Amino acid sequence: MTASDRKPAFESWGRYPVYDAALLPLNWAGDFPPANMVPSGMLPVGLGRSYGDVCLLRDGTLLPTTAMDRLLHFDPVTGVLTCESGVSLASILDFAVPLGWFLPVTPGTKYVTVGGSIANDIHGKNHHIAGTFGCHVRRFELVRSDGSRTLCSPIENEDWFSATIGGLGLTGLIAWAEIQLKPIVSRLITYEGIQFHGIDEFLALSRASQGIEYTVSWVDCTSQGKNFARGIFMQGDHSHDASPLTRSPEPKLVFPMELPGFALNSATVGAFNALYFNKQMKKRVRTRIDYEPFFYPLDKVLHWNRMYGKRGLLQFQYAIPWQHAREGTEAILKAVAASGLASFLAVLKVFGDVKSPGLMSFPQPGVTLALDFPIKPDVSFPLFDRLASMTREFGGRLYPAKDARMTADQFQTFYPQWQKLERYRDPMISSSFWERVTIDGTGDSQQGRLSIHHR
Ligand SMILES: Cc1cc2nc3c(=O)[nH]c(=O)nc-3n(C[C@H](O)[C@H](O)[C@H](O)COP(=O)(O)OP(=O)(O)OC[C@H]3O[C@@H](n4cnc5c(N)ncnc54)[C@H](O)[C@@H]3O)c2cc1C
């Protein structure tokens with residue numbers, strides 16, 4: 001077995017980069033090790049659904065939290081849920097939907113933990129109305145390697161609350177959190193799918209749908225010419241017609257094997273995109289669908305990341321502010337189409353202006369585009385580097401949860417507040433992402449893995 005064949009103990013969803021680390025699973029918050037137990041540094045992690053290296057620590061100790069999966073309290077009148085941070089959003093749905101409650105914000109997979117949702121301050125299809133996950137967190141407890149346990153909320157230790165939401169797991173272990181759920185009367189979503197051609201049509205549809213809770217678009221990023229930036233705009237609201245609130249069935253399909261590297265190429269993805277676009281025969285389709293396929297179409301097949309082969313996949317997600325959103329999106333889509341590298345999971349969306357309490361939160365008002373590509377170092381890395389530079393030119397920024405490539409210089413331009421987060425970092429905690437993006441010109445970590453900081 002070669003080094004590249006070896007499966008690491010913990011991998012991120014993109015399966016790149018691959019780093020060795022020790023695992024010290026936590027059953028209780030009290031298991032969080034004191035500073036002297038893990039001299040090589042540590043990082044709490046959830047379900048590893050981040051694509052790059054925010055959930056990795058090369059040669060350090062990862063602290064998986066998925067056994068901290070207890071629901072602690074639920075108020076059926078107010079919908080406030082208290083749970084440990086290793087609880088997955090899937091478990092919350094299993095518990096809450098039959099009682100008539102739903103997640104305030106959900107990403108495109110339900111297999112993420114509450115801790116991971118707070119640490120990346122995740123967003124969903126309702127960002128323009130509900131903001132990020134952090135907007136719905138009422139309080140949480142933060143445990144640090146000096147033994148301290150701090151209650152954080154918008155009114156208690158507000159600075160720690162803000163630093164931890166979107167704080168990339170660096171401020172300490174989130175032990176438990178209190179989350180405000182939202183009421184529903186049905187599993188169904190009143191859905192509308194609308195074909196569009198070009199970014200102007202996409203933007204016009206987004207403007208017209210401001211009052212609709214969920215909006216997202218699939219965009220064909222392989223097409224050029226008259227089909228350039230064609231896509232399907234998808235919008236929906238929770239149905240107001242009461243219907244049985246049952247639990248979701250367990251997914252049965254598992255992606256069986258790693259596909260060879262050549263399986264996803266511009267020809268196969270281009271053919272898929274043409275089929276997908278034309279699957280919706282009419283310009284506009286209205287129907288009611290269950291929330292599972294609406295929010296989590298990819299969760300139907302477990303381990304679908306194997307489709308990208310052994311080398312894994314890279315995600316690229318930007319947020320470009322309104323001022324340059326249109327030209328930036330067109331320029332980036334053109335660069336992708338011209339590159340010949342195919343992405344079939346291309347998701348386009350408008351971010352609203354609901355402010356997150358998080359210091360380092362990624363969303364900003366404007367347009368966001370997420371793309372994923374199989375890793376082919378000779379072609380995908382240069383393309384990524386180019387797209388990252390373009391994002392910077394258009395005044396945008398990249399999403400750390402999806403990143404494995406941005407440079408220190410780019411990160412520090414995208415997030416000038418990073419040094420403030422560094423002041424709140426637990427001195428025993430770091431991540432491979434943080435070490436990569438806070439290095440100075442000499443290649444050394446500016447702050448060092450285990451340096452102690454004074455606020
Ligand atoms: C198919 C798919 C679709 C996605 N769609 C979206 C989307 O629509 N919107 C979006 O925003 N994201 C999306 N994501 C990304 C995903 O939501 C985030 O990466 C999320 O943070 C992953 O949570 P996790 O539990 O897997 O955490 P991990 O990936 O394991 O860790 C993420 C971060 O959280 C920290 N962390 C985890 N637990 C704790 C804890 N208890 N205390 C302190 N820090 C902790 C880690 O240190 C790390 O920095 C998607 C991912 C996939 C695979």
# chains A, B, ... in the order shown; residues from 1 in each chain; ligands from 1

$ residues_near_ligand --ligand "ligand 1" --cutoff "6 Å" --atoms "only C-alpha atoms and all ligand atoms" --output "PyMOL selection string"
chain A and resi 13+43-50+54-55+65+85+107-109+112-113+115-117+119-120+122-124+168-169+172-175+401

$ residues_around --residues "Ala335 of chain A" --least-positions-apart "4" --cutoff "9 Å" --atoms "only C-alpha atoms" --output "ChimeraX atom specification"
/A:330-331,339,383,386-387

$ closest_residue --among "A:Trp418, A:Phe344, A:Tyr111, A:Phe95" --to "Arg70 of chain A" --atoms "only C-alpha atoms"
A:Phe95

$ atom_distance --atom1 "atom CA of Asn126 of chain A" --atom2 "atom CA of His324 of chain A"
22.1 Å

$ residues_around --residues "segment 133-135 of chain A" --least-positions-apart "4" --cutoff "12 Å" --atoms "only C-alpha atoms" --output "number ranges by chain"
A: 89, 103-107, 113-127, 129, 139-140, 153-154, 161-167, 177-181, 354-363

$ select_by_dssp --residues "segment 213-454 of chain A" --states "strand (DSSP E)" --output "ChimeraX atom specification"
/A:214-219,230-238,253-254,284-290,301-302,313-321,347-351,366-374,397-398

$ select_by_dssp --residues "segment 298-451 of chain A" --states "helix (DSSP H, G or I)" --output "PyMOL selection string"
chain A and resi 298-300+304-308+322-339+377-393+400-402+408-414+418-424+432-437

$ closest_residue --among "A:Pro8, A:Gly131, A:Gly147, A:Pro64" --to "Asn27 of chain A" --atoms "only C-alpha atoms"
A:Pro64

$ atom_distance --atom1 "atom CA of Ser91 of chain A" --atom2 "atom CA of Arg187 of chain A"
15.7 Å
